[in-house]
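Data file: model05.pdb. Format and content: PDB, C-alpha atoms.
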ATOM      1  CA  MET B 115      15.594 -30.457 -20.209  1.00  0.00           C
ATOM      2  CA  ASP B 116      18.016 -28.604 -22.353  1.00  0.00           C
ATOM      3  CA  ILE B 117      19.434 -25.547 -20.580  1.00  0.00           C
ATOM      4  CA  VAL B 118      18.971 -23.426 -23.705  1.00  0.00           C
ATOM      5  CA  ILE B 119      15.236 -24.134 -23.876  1.00  0.00           C
ATOM      6  CA  ALA B 120      14.814 -23.455 -20.164  1.00  0.00           C
ATOM      7  CA  THR B 121      16.739 -20.180 -20.464  1.00  0.00           C
ATOM      8  CA  VAL B 122      14.694 -19.067 -23.480  1.00  0.00           C
ATOM      9  CA  ALA B 123      11.458 -19.932 -21.638  1.00  0.00           C
ATOM     10  CA  VAL B 124      12.437 -17.903 -18.565  1.00  0.00           C
ATOM     11  CA  LEU B 125      13.578 -14.957 -20.716  1.00  0.00           C
ATOM     12  CA  ALA B 126      10.265 -15.081 -22.602  1.00  0.00           C
ATOM     13  CA  MET B 127       8.447 -15.014 -19.270  1.00  0.00           C
ATOM     14  CA  LEU B 128      10.446 -11.957 -18.233  1.00  0.00           C
ATOM     15  CA  ALA B 129       9.356 -10.265 -21.466  1.00  0.00           C
ATOM     16  CA  CYS B 130       5.755 -11.132 -20.561  1.00  0.00           C
ATOM     17  CA  LEU B 131       6.305  -9.443 -17.210  1.00  0.00           C
ATOM     18  CA  ALA B 132       7.092  -6.191 -19.023  1.00  0.00           C
ATOM     19  CA  VAL B 133       3.701  -6.056 -20.794  1.00  0.00           C
ATOM     20  CA  ILE B 134       1.556  -6.431 -17.665  1.00  0.00           C
ATOM     21  CA  PRO B 135       1.566  -2.686 -16.780  1.00  0.00           C
ATOM     22  CA  LEU B 136       0.312  -2.014 -20.315  1.00  0.00           C
ATOM     23  CA  GLY B 137      -2.845  -3.979 -19.578  1.00  0.00           C
ATOM     24  CA  LEU B 138      -1.827  -6.836 -21.857  1.00  0.00           C
ATOM     25  CA  PRO B 139      -2.239 -10.491 -20.809  1.00  0.00           C
ATOM     26  CA  GLY B 140       1.332 -11.083 -19.649  1.00  0.00           C
ATOM     27  CA  LEU B 141       0.251 -13.446 -16.869  1.00  0.00           C
ATOM     28  CA  TRP B 142      -1.655 -15.627 -19.314  1.00  0.00           C
ATOM     29  CA  LEU B 143       1.322 -15.696 -21.655  1.00  0.00           C
ATOM     30  CA  ILE B 144       3.414 -16.926 -18.733  1.00  0.00           C
ATOM     31  CA  VAL B 145       0.836 -19.691 -18.212  1.00  0.00           C
ATOM     32  CA  VAL B 146       1.012 -20.608 -21.913  1.00  0.00           C
ATOM     33  CA  ILE B 147       4.803 -20.848 -21.722  1.00  0.00           C
ATOM     34  CA  THR B 148       4.489 -22.927 -18.541  1.00  0.00           C
ATOM     35  CA  LEU B 149       2.036 -25.283 -20.238  1.00  0.00           C
ATOM     36  CA  GLY B 150       4.467 -25.549 -23.162  1.00  0.00           C
ATOM     37  CA  LEU B 151       7.114 -26.645 -20.670  1.00  0.00           C
ATOM     38  CA  VAL B 152       4.616 -29.152 -19.267  1.00  0.00           C
ATOM     39  CA  LEU B 153       4.018 -30.564 -22.753  1.00  0.00           C
ATOM     40  CA  ALA B 154       7.783 -30.739 -23.281  1.00  0.00           C
ATOM     41  CA  GLY B 155       8.052 -32.839 -20.133  1.00  0.00           C
ATOM     42  CA  ALA B 156      10.050 -30.290 -18.134  1.00  0.00           C
ATOM     43  CA  LEU B 157       7.287 -29.645 -15.595  1.00  0.00           C
ATOM     44  CA  THR B 158       4.422 -31.721 -14.208  1.00  0.00           C
ATOM     45  CA  TRP B 159       0.794 -31.286 -15.117  1.00  0.00           C
ATOM     46  CA  THR B 160       0.038 -30.555 -11.478  1.00  0.00           C
ATOM     47  CA  PHE B 161       2.498 -27.658 -11.549  1.00  0.00           C
ATOM     48  CA  GLY B 162       0.986 -26.274 -14.765  1.00  0.00           C
ATOM     49  CA  LEU B 163      -2.592 -26.545 -13.559  1.00  0.00           C
ATOM     50  CA  VAL B 164      -1.786 -24.968 -10.190  1.00  0.00           C
ATOM     51  CA  MET B 165      -0.090 -22.108 -12.062  1.00  0.00           C
ATOM     52  CA  ALA B 166      -3.152 -21.615 -14.291  1.00  0.00           C
ATOM     53  CA  ALA B 167      -5.508 -21.700 -11.288  1.00  0.00           C
ATOM     54  CA  ALA B 168      -3.388 -19.170  -9.401  1.00  0.00           C
ATOM     55  CA  VAL B 169      -3.407 -16.811 -12.379  1.00  0.00           C
ATOM     56  CA  LEU B 170      -7.181 -17.173 -12.681  1.00  0.00           C
ATOM     57  CA  VAL B 171      -7.512 -16.194  -9.008  1.00  0.00           C
ATOM     58  CA  VAL B 172      -5.312 -13.123  -9.598  1.00  0.00           C
ATOM     59  CA  GLU B 173      -7.399 -12.093 -12.626  1.00  0.00           C
ATOM     60  CA  VAL B 174     -10.634 -12.371 -10.626  1.00  0.00           C
ATOM     61  CA  ALA B 175      -9.017 -10.417  -7.791  1.00  0.00           C
ATOM     62  CA  GLU B 176      -8.062  -7.676 -10.267  1.00  0.00           C
ATOM     63  CA  VAL B 177     -11.650  -7.215 -11.385  1.00  0.00           C
ATOM     64  CA  LEU B 178     -12.846  -7.204  -7.769  1.00  0.00           C
ATOM     65  CA  VAL B 179     -10.234  -4.609  -6.784  1.00  0.00           C
ATOM     66  CA  LEU B 180     -11.215  -2.351  -9.688  1.00  0.00           C
ATOM     67  CA  LYS B 181     -14.930  -2.652  -8.942  1.00  0.00           C
ATOM     68  CA  ARG B 182     -14.537  -2.155  -5.174  1.00  0.00           C
ATOM     69  CA  PHE B 183     -12.291   0.891  -5.496  1.00  0.00           C
ATOM     70  CA  GLY B 184     -14.581   2.362  -8.120  1.00  0.00           C
ATOM     71  CA  GLU B 185     -17.639   1.845  -5.943  1.00  0.00           C
ATOM     72  CA  ALA B 186     -15.837   3.144  -2.845  1.00  0.00           C
ATOM     73  CA  PHE B 187     -15.063   6.371  -4.691  1.00  0.00           C
ATOM     74  CA  GLY B 188     -18.610   6.713  -6.015  1.00  0.00           C
ATOM     75  CA  GLY B 189     -18.213   5.178  -9.460  1.00  0.00           C
ATOM     76  CA  SER B 190     -20.815   3.199 -11.348  1.00  0.00           C
ATOM     77  CA  SER B 191     -20.383   0.046 -13.402  1.00  0.00           C
ATOM     78  CA  ARG B 192     -20.332   2.302 -16.467  1.00  0.00           C
ATOM     79  CA  ALA B 193     -17.405   4.206 -14.948  1.00  0.00           C
ATOM     80  CA  PHE B 194     -15.621   0.865 -14.532  1.00  0.00           C
ATOM     81  CA  TRP B 195     -16.047   0.131 -18.236  1.00  0.00           C
ATOM     82  CA  GLY B 196     -15.057   3.695 -19.069  1.00  0.00           C
ATOM     83  CA  ALA B 197     -11.827   3.093 -17.159  1.00  0.00           C
ATOM     84  CA  VAL B 198     -11.169  -0.147 -19.058  1.00  0.00           C
ATOM     85  CA  ILE B 199     -11.827   1.436 -22.448  1.00  0.00           C
ATOM     86  CA  GLY B 200      -9.915   4.594 -21.505  1.00  0.00           C
ATOM     87  CA  GLY B 201      -6.930   2.520 -20.412  1.00  0.00           C
ATOM     88  CA  MET B 202      -6.868   0.642 -23.712  1.00  0.00           C
ATOM     89  CA  ALA B 203      -7.281   3.853 -25.708  1.00  0.00           C
ATOM     90  CA  GLY B 204      -4.471   5.462 -23.725  1.00  0.00           C
ATOM     91  CA  LEU B 205      -2.252   2.496 -24.478  1.00  0.00           C
ATOM     92  CA  PHE B 206      -2.720   2.983 -28.214  1.00  0.00           C
ATOM     93  CA  VAL B 207      -2.499   6.785 -28.195  1.00  0.00           C
ATOM     94  CA  GLY B 208       0.709   6.752 -26.181  1.00  0.00           C
ATOM     95  CA  VAL B 209       2.900   9.436 -24.681  1.00  0.00           C
ATOM     96  CA  PRO B 210       6.161  10.159 -26.519  1.00  0.00           C
ATOM     97  CA  VAL B 211       8.377   8.947 -23.687  1.00  0.00           C
ATOM     98  CA  PRO B 212      10.480   5.898 -24.534  1.00  0.00           C
ATOM     99  CA  ILE B 213       9.524   2.651 -22.807  1.00  0.00           C
ATOM    100  CA  ILE B 214       7.263   4.091 -20.095  1.00  0.00           C
ATOM    101  CA  GLY B 215       5.158   6.292 -22.400  1.00  0.00           C
ATOM    102  CA  PRO B 216       2.490   3.656 -23.078  1.00  0.00           C
ATOM    103  CA  VAL B 217       2.262   2.863 -19.353  1.00  0.00           C
ATOM    104  CA  ILE B 218       1.749   6.546 -18.516  1.00  0.00           C
ATOM    105  CA  SER B 219      -0.891   6.992 -21.194  1.00  0.00           C
ATOM    106  CA  ALA B 220      -2.709   3.773 -20.205  1.00  0.00           C
ATOM    107  CA  PHE B 221      -2.961   4.962 -16.594  1.00  0.00           C
ATOM    108  CA  LEU B 222      -3.990   8.440 -17.743  1.00  0.00           C
ATOM    109  CA  GLY B 223      -6.610   6.877 -20.018  1.00  0.00           C
ATOM    110  CA  THR B 224      -7.968   4.890 -17.073  1.00  0.00           C
ATOM    111  CA  PHE B 225      -8.387   8.092 -15.067  1.00  0.00           C
ATOM    112  CA  LEU B 226      -9.947  10.008 -17.955  1.00  0.00           C
ATOM    113  CA  GLY B 227     -12.236   7.153 -19.015  1.00  0.00           C
ATOM    114  CA  ALA B 228     -13.742   6.704 -15.560  1.00  0.00           C
ATOM    115  CA  GLY B 229     -13.898  10.451 -14.984  1.00  0.00           C
ATOM    116  CA  LEU B 230     -15.560  11.193 -18.324  1.00  0.00           C
ATOM    117  CA  VAL B 231     -18.246   8.547 -17.876  1.00  0.00           C
ATOM    118  CA  THR B 232     -18.944   9.769 -14.334  1.00  0.00           C
ATOM    119  CA  TRP B 233     -19.127  13.358 -15.560  1.00  0.00           C
ATOM    120  CA  LEU B 234     -21.600  12.355 -18.287  1.00  0.00           C
ATOM    121  CA  GLU B 235     -23.700  10.583 -15.645  1.00  0.00           C
ATOM    122  CA  THR B 236     -23.593  13.266 -12.945  1.00  0.00           C
ATOM    123  CA  MET B 237     -22.353  16.499 -14.565  1.00  0.00           C
ATOM    124  CA  SER B 238     -20.240  16.911 -11.431  1.00  0.00           C
ATOM    125  CA  LEU B 239     -16.578  17.668 -12.031  1.00  0.00           C
ATOM    126  CA  GLU B 240     -15.726  17.010  -8.372  1.00  0.00           C
ATOM    127  CA  ARG B 241     -17.323  13.561  -8.371  1.00  0.00           C
ATOM    128  CA  SER B 242     -15.749  12.764 -11.741  1.00  0.00           C
ATOM    129  CA  ALA B 243     -12.286  13.581 -10.447  1.00  0.00           C
ATOM    130  CA  ARG B 244     -12.911  11.551  -7.300  1.00  0.00           C
ATOM    131  CA  VAL B 245     -14.024   8.487  -9.272  1.00  0.00           C
ATOM    132  CA  GLY B 246     -11.137   8.922 -11.707  1.00  0.00           C
ATOM    133  CA  TRP B 247      -8.618   8.976  -8.848  1.00  0.00           C
ATOM    134  CA  GLY B 248     -10.259   5.986  -7.198  1.00  0.00           C
ATOM    135  CA  VAL B 249     -10.094   3.908 -10.354  1.00  0.00           C
ATOM    136  CA  LEU B 250      -6.532   5.070 -10.997  1.00  0.00           C
ATOM    137  CA  LEU B 251      -5.545   3.900  -7.504  1.00  0.00           C
ATOM    138  CA  ALA B 252      -7.327   0.618  -8.153  1.00  0.00           C
ATOM    139  CA  ARG B 253      -5.503   0.126 -11.446  1.00  0.00           C
ATOM    140  CA  THR B 254      -2.187   0.826  -9.725  1.00  0.00           C
ATOM    141  CA  ALA B 255      -2.986  -1.722  -7.007  1.00  0.00           C
ATOM    142  CA  ALA B 256      -4.129  -4.282  -9.578  1.00  0.00           C
ATOM    143  CA  VAL B 257      -0.997  -3.876 -11.697  1.00  0.00           C
ATOM    144  CA  ALA B 258       1.186  -4.209  -8.597  1.00  0.00           C
ATOM    145  CA  MET B 259      -0.687  -7.379  -7.646  1.00  0.00           C
ATOM    146  CA  LYS B 260      -0.323  -8.856 -11.136  1.00  0.00           C
ATOM    147  CA  VAL B 261       3.369  -7.973 -11.416  1.00  0.00           C
ATOM    148  CA  THR B 262       3.977  -9.579  -8.018  1.00  0.00           C
ATOM    149  CA  ALA B 263       2.115 -12.706  -9.102  1.00  0.00           C
ATOM    150  CA  ALA B 264       4.140 -12.813 -12.324  1.00  0.00           C
ATOM    151  CA  VAL B 265       7.438 -12.511 -10.462  1.00  0.00           C
ATOM    152  CA  VAL B 266       6.380 -15.334  -8.124  1.00  0.00           C
ATOM    153  CA  ALA B 267       5.290 -17.463 -11.100  1.00  0.00           C
ATOM    154  CA  ILE B 268       8.558 -16.878 -12.972  1.00  0.00           C
ATOM    155  CA  GLY B 269      10.510 -17.678  -9.828  1.00  0.00           C
ATOM    156  CA  ALA B 270       8.525 -20.878  -9.276  1.00  0.00           C
ATOM    157  CA  VAL B 271       9.070 -22.018 -12.868  1.00  0.00           C
ATOM    158  CA  THR B 272      12.785 -21.203 -12.663  1.00  0.00           C
ATOM    159  CA  VAL B 273      13.200 -23.174  -9.439  1.00  0.00           C
ATOM    160  CA  ALA B 274      11.156 -26.077 -10.821  1.00  0.00           C
ATOM    161  CA  LEU B 275      13.318 -26.174 -13.957  1.00  0.00           C
ATOM    162  CA  LEU B 276      16.481 -26.208 -11.872  1.00  0.00           C
ATOM    163  CA  LEU B 277      15.291 -29.147  -9.734  1.00  0.00           C
TER     164      LEU B 277
END

Please express the file's structure as structure tokens.
Amino acid sequence: MDIVIATVAVLAMLACLAVIPLGLPGLWLIVVITLGLVLAGALTWTFGLVMAAAVLVVEVAEVLVLKRFGEAFGGSSRAFWGAVIGGMAGLFVGVPVPIIGPVISAFLGTFLGAGLVTWLETMSLERSARVGWGVLLARTAAVAMKVTAAVVAIGAVTVALLL
């Protein structure tokens, strides 16, 4: 495969890595790029399908981590969805800090979304804060897991392209 195409593909994957903390589908974009490399004949179908399966496992694990942490800290399924919606709203509202502002506001939105829904359900500020912190910890763990998976995936693709 042409070295230019391989370099562009890996650089595009690194850009995808940067959007994962924002809650955007960076891992799936890495899979799409990998499948493009498969179609171009640079990688095998087995490699591409294993990559897609691994990413699917990570996505399922993310949802399980968020639900388990939320439940462990006393949150309901509505609080889980409040966290998801709050995180997306925070991403779009943003904090005026270059580069990391959207990440900060997405995490803050996750906390506030879960906390607000819990407060509306229980009218307990203490429980709301507890659920908010639990979901915030879960989001942090999930993002760390997804970033790690993305780094491993990019590394695997890079090594496979070099071989």

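Applied to this file, the PyMOL selection byres ((chain B and resi 251) around 12) selects the residues Val179, Leu180, Lys181, Arg182, Phe183, Gly184, Ala186, Phe187, Ala197, Phe221, Leu222, Thr224, Phe225, Ala228, Arg244, Val245, Gly246, Trp247, Gly248, Val249, Leu250, Ala252, Arg253, Thr254, Ala255, Ala256, Val257 and Ala258 of chain B.
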
Run the PyMOL selection byres ((chain B and resi 142-156) around 10) mentally over the shown coordinates, then write out the matched residues as a CSV table (one decimal) with C-alpha atoms, keeping the file's coordinate frame, using the chain letters and numbers from the document.
chain,number,residue,atom,x,y,z
B,115,MET,CA,15.6,-30.5,-20.2
B,116,ASP,CA,18.0,-28.6,-22.4
B,119,ILE,CA,15.2,-24.1,-23.9
B,120,ALA,CA,14.8,-23.5,-20.2
B,123,ALA,CA,11.5,-19.9,-21.6
B,124,VAL,CA,12.4,-17.9,-18.6
B,126,ALA,CA,10.3,-15.1,-22.6
B,127,MET,CA,8.4,-15.0,-19.3
B,128,LEU,CA,10.4,-12.0,-18.2
B,129,ALA,CA,9.4,-10.3,-21.5
B,130,CYS,CA,5.8,-11.1,-20.6
B,131,LEU,CA,6.3,-9.4,-17.2
B,133,VAL,CA,3.7,-6.1,-20.8
B,134,ILE,CA,1.6,-6.4,-17.7
B,138,LEU,CA,-1.8,-6.8,-21.9
B,139,PRO,CA,-2.2,-10.5,-20.8
B,140,GLY,CA,1.3,-11.1,-19.6
B,141,LEU,CA,0.3,-13.4,-16.9
B,157,LEU,CA,7.3,-29.6,-15.6
B,158,THR,CA,4.4,-31.7,-14.2
B,159,TRP,CA,0.8,-31.3,-15.1
B,160,THR,CA,0.0,-30.6,-11.5
B,161,PHE,CA,2.5,-27.7,-11.5
B,162,GLY,CA,1.0,-26.3,-14.8
B,163,LEU,CA,-2.6,-26.5,-13.6
B,164,VAL,CA,-1.8,-25.0,-10.2
B,165,MET,CA,-0.1,-22.1,-12.1
B,166,ALA,CA,-3.2,-21.6,-14.3
B,167,ALA,CA,-5.5,-21.7,-11.3
B,168,ALA,CA,-3.4,-19.2,-9.4
B,169,VAL,CA,-3.4,-16.8,-12.4
B,170,LEU,CA,-7.2,-17.2,-12.7
B,173,GLU,CA,-7.4,-12.1,-12.6
B,264,ALA,CA,4.1,-12.8,-12.3
B,267,ALA,CA,5.3,-17.5,-11.1
B,268,ILE,CA,8.6,-16.9,-13.0
B,271,VAL,CA,9.1,-22.0,-12.9
B,274,ALA,CA,11.2,-26.1,-10.8
B,275,LEU,CA,13.3,-26.2,-14.0
B,276,LEU,CA,16.5,-26.2,-11.9
B,277,LEU,CA,15.3,-29.1,-9.7

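With atom CA of Trp233 of chain B on one side and atom CA of Glu185 of chain B on the other, the separation reads 15.1 Å.
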
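Distance check against Phe206 of chain B using only C-alpha atoms: of B:Leu125, B:Leu230, B:Val261, B:Leu136, the minimum falls on B:Leu136.
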
>> Between atom CA of Val217 of chain B and atom CA of Pro135 of chain B, what distance in Å does the model show, to one decimal?
In response: 6.2 Å

> Could you state the separation of atom CA of Gly137 of chain B and atom CA of Ala270 of chain B in Å, given to one decimal place?
Replying inline: 22.8 Å

> If you count only C-alpha atoms, which residues fall within 6 Å of Ala220 of chain B, apart from same-chain ones fewer than 3 positions away, as a PyMOL selection string?
Replying inline: chain B and resi 201+204-205+216-217+223

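Counting only C-alpha atoms and comparing B:Val265, B:Leu226, B:Val231, B:Leu239, the residue that lies closest to Gly200 of chain B is B:Leu226.
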
Counting all atoms listed in the file, find residues at most 12 Å from (-20.5, -0.2, -18.6) (file frame) and give them as a tab-separated table (two decimals) with C-alpha atoms, in the frame of the given file.
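This is the output file out-v5.tsv:
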chain	number	residue	atom	x	y	z
B	181	LYS	CA	-14.93	-2.65	-8.94
B	189	GLY	CA	-18.21	5.18	-9.46
B	190	SER	CA	-20.82	3.20	-11.35
B	191	SER	CA	-20.38	0.05	-13.40
B	192	ARG	CA	-20.33	2.30	-16.47
B	193	ALA	CA	-17.40	4.21	-14.95
B	194	PHE	CA	-15.62	0.86	-14.53
B	195	TRP	CA	-16.05	0.13	-18.24
B	196	GLY	CA	-15.06	3.70	-19.07
B	197	ALA	CA	-11.83	3.09	-17.16
B	198	VAL	CA	-11.17	-0.15	-19.06
B	199	ILE	CA	-11.83	1.44	-22.45
B	200	GLY	CA	-9.91	4.59	-21.50
B	227	GLY	CA	-12.24	7.15	-19.02
B	228	ALA	CA	-13.74	6.70	-15.56
B	231	VAL	CA	-18.25	8.55	-17.88
B	232	THR	CA	-18.94	9.77	-14.33
B	235	GLU	CA	-23.70	10.58	-15.64

Edge lengths and centre in Å to one decimal, as lines of an AutoDock Vina configuration file, of the axis-aligned box that encloses all listed atoms of segment 206-210 of chain B with 3 Å added on every side?
center_x = 1.7
center_y = 6.6
center_z = -26.4
size_x = 14.9
size_y = 13.2
size_z = 9.5

Provide segment 123-146 of chain B rebuilt to N, CA and C atoms, formatted as a short mmCIF file (atom, residue, chain, number, x, y, z; two decimals), in the coordinates of the input.
data_model
loop_
_atom_site.label_atom_id
_atom_site.label_comp_id
_atom_site.auth_asym_id
_atom_site.auth_seq_id
_atom_site.Cartn_x
_atom_site.Cartn_y
_atom_site.Cartn_z
N ALA B 123 12.79 -19.99 -22.24
CA ALA B 123 11.46 -19.93 -21.64
C ALA B 123 11.41 -18.89 -20.53
N VAL B 124 12.41 -18.88 -19.67
CA VAL B 124 12.44 -17.90 -18.57
C VAL B 124 12.60 -16.48 -19.11
N LEU B 125 13.43 -16.29 -20.11
CA LEU B 125 13.58 -14.96 -20.72
C LEU B 125 12.28 -14.50 -21.37
N ALA B 126 11.57 -15.43 -22.00
CA ALA B 126 10.26 -15.08 -22.60
C ALA B 126 9.27 -14.68 -21.51
N MET B 127 9.32 -15.37 -20.38
CA MET B 127 8.45 -15.01 -19.27
C MET B 127 8.78 -13.63 -18.73
N LEU B 128 10.05 -13.30 -18.67
CA LEU B 128 10.45 -11.96 -18.23
C LEU B 128 9.93 -10.89 -19.20
N ALA B 129 9.93 -11.20 -20.48
CA ALA B 129 9.36 -10.26 -21.47
C ALA B 129 7.85 -10.10 -21.23
N CYS B 130 7.19 -11.19 -20.87
CA CYS B 130 5.76 -11.13 -20.56
C CYS B 130 5.49 -10.25 -19.35
N LEU B 131 6.41 -10.29 -18.40
CA LEU B 131 6.30 -9.44 -17.21
C LEU B 131 6.25 -7.97 -17.60
N ALA B 132 7.01 -7.59 -18.61
CA ALA B 132 7.09 -6.19 -19.02
C ALA B 132 5.80 -5.66 -19.63
N VAL B 133 4.93 -6.54 -20.15
CA VAL B 133 3.70 -6.06 -20.79
C VAL B 133 2.52 -5.96 -19.84
N ILE B 134 2.67 -6.47 -18.62
CA ILE B 134 1.56 -6.43 -17.66
C ILE B 134 1.11 -5.00 -17.35
N PRO B 135 2.03 -4.06 -17.07
CA PRO B 135 1.57 -2.69 -16.78
C PRO B 135 0.83 -2.03 -17.95
N LEU B 136 1.01 -2.56 -19.15
CA LEU B 136 0.31 -2.01 -20.32
C LEU B 136 -1.13 -2.51 -20.40
N GLY B 137 -1.50 -3.43 -19.53
CA GLY B 137 -2.84 -3.98 -19.58
C GLY B 137 -2.96 -5.17 -20.50
N LEU B 138 -1.83 -5.68 -20.97
CA LEU B 138 -1.83 -6.84 -21.86
C LEU B 138 -1.74 -8.12 -21.02
N PRO B 139 -2.12 -9.25 -21.60
CA PRO B 139 -2.24 -10.49 -20.81
C PRO B 139 -0.91 -11.19 -20.55
N GLY B 140 0.02 -10.51 -19.93
CA GLY B 140 1.33 -11.08 -19.65
C GLY B 140 1.27 -12.31 -18.75
N LEU B 141 0.38 -12.29 -17.76
CA LEU B 141 0.25 -13.45 -16.87
C LEU B 141 -0.22 -14.68 -17.64
N TRP B 142 -1.16 -14.48 -18.54
CA TRP B 142 -1.66 -15.63 -19.31
C TRP B 142 -0.60 -16.14 -20.28
N LEU B 143 0.22 -15.25 -20.80
CA LEU B 143 1.32 -15.70 -21.66
C LEU B 143 2.33 -16.52 -20.85
N ILE B 144 2.54 -16.14 -19.61
CA ILE B 144 3.41 -16.93 -18.73
C ILE B 144 2.82 -18.32 -18.52
N VAL B 145 1.50 -18.39 -18.36
CA VAL B 145 0.84 -19.69 -18.21
C VAL B 145 1.00 -20.51 -19.49
N VAL B 146 0.85 -19.88 -20.64
CA VAL B 146 1.01 -20.61 -21.91
C VAL B 146 2.43 -21.17 -22.03
#
